[in-house]
Amino acid sequence: MTARSGACDQTRTLVLHLRKWKVPDVLASMENAQDALRDIDRAAAAPFVNDPVTAWWYPPTMAGFFTAMAAGPLLISQGRGAAGFGLQAVALITLVMVYAAHRAKSGTSPRMRSAPDEFKHAYRWLCLTYAGSLAVSVVVWVLLGWQVGLSAVFVTMLAATWSYERVVYPRAVHRVRNRLA
């Protein structure tokens with residue numbers, strides 16, 4: 001019976017201790033909840049906001065990548081399979097090297113799942129612009145031939161990549177910084 005009485009006293013002491021501890025802590029945490037949420041938002045945005053500006057050669061490199069990927073099947077269909085596959089292999093290796101260099105420079109590779117909405121919107125814009133550029137290039141290719149079509153691929157992809165890297169992405173960074181300030 002003494003063991004039961006001791007356990008009951010411990011339970012009462014524990015309940016009283018939790019009540020004394022819990023109420024002030026909950027109130028304090030409610031006051032700091034907004035700050036904690038803002039810190040979480042800042043941490044999620046940091047890889048995107050602190051991403052270094054791409055070099056001047058990045059938009060032409062991306063345009064060249066898309067042009068090479070479009071020219072590869074053309075070369076293969078003309079009976080120059082080794083040249084077509086080689087061109088695409090060089091383009092893919094170059095893309096991987098550019099990505100690895102950018103990742104090493106920035107120190108991270110941000111994922112779009114955790115991106116703030118401003119960056120998701122900018123990335124959607126880029127994907128839609130790439131799709132539109134490819135559609136325009138296909139129409140030009142069909143109407144004016146493969147030479148002009150490949151030129152259209154390069155020019156439209158260059159314009160899309162340049163506008164994203166120099167206009168759309170910096171605007172998203174500015175909006176996020178203003179929101180989290």
# chains A, B, ... in the order shown; residues from 1 in each chain; ligands from 1

$ closest_atom_pairs --of "region 17-101 of chain A" --to "region 158-168 of chain A" --cutoff "7 Å" --atoms "only C-alpha atoms" --output "CSV"
residue,atom,partner,partner_atom,distance
A:Pro59,CA,A:Thr161,CA,5.3
A:Pro60,CA,A:Leu158,CA,5.8
A:Ala63,CA,A:Leu158,CA,4.9

$ residues_around --residues "Ala71 (chain A)" --least-positions-apart "5" --cutoff "12 Å" --atoms "only C-alpha atoms" --output "short mmCIF file (atom, residue, chain, number, x, y, z; two decimals) with C-alpha atoms, in the first residue's frame"
data_model
loop_
_atom_site.label_atom_id
_atom_site.label_comp_id
_atom_site.auth_asym_id
_atom_site.auth_seq_id
_atom_site.Cartn_x
_atom_site.Cartn_y
_atom_site.Cartn_z
CA GLY A 64 23.99 25.11 -77.83
CA PHE A 65 22.91 22.08 -75.79
CA PHE A 66 19.35 22.23 -77.14
CA ILE A 76 21.56 10.19 -87.70
CA SER A 77 18.73 10.34 -90.26
CA GLN A 78 21.21 11.56 -92.89
CA ARG A 80 25.94 10.13 -90.12
CA GLY A 81 25.09 8.22 -86.98
CA ALA A 83 28.48 12.28 -85.74
CA GLY A 84 24.92 12.52 -84.40
CA PHE A 85 25.55 10.35 -81.37
CA GLY A 86 28.91 12.03 -80.78
CA LEU A 87 27.35 15.49 -80.89
CA GLN A 88 24.67 14.51 -78.41
CA ALA A 89 27.22 12.81 -76.12
CA ALA A 91 26.31 18.07 -75.36
CA TRP A 141 11.98 23.90 -89.31
CA TRP A 146 16.47 22.21 -91.12
CA GLN A 147 19.21 24.86 -91.43
CA VAL A 148 16.89 27.68 -90.43
CA GLY A 149 15.16 25.38 -87.94
CA LEU A 150 18.40 24.68 -86.08
CA SER A 151 19.14 28.41 -86.06
CA ALA A 152 15.67 29.00 -84.63
CA VAL A 153 16.33 26.43 -81.90
CA PHE A 154 19.54 28.24 -80.92
#

$ residues_around --residues "region 48-56 of chain A" --least-positions-apart "5" --cutoff "9 Å" --atoms "only C-alpha atoms" --output "number ranges by chain"
A: 102, 105-108, 110, 115-116, 119, 165-166, 170, 172-174, 176-177

$ atom_distance --atom1 "CA of Val96 (chain A)" --atom2 "CA of Thr67 (chain A)"
16.2 Å
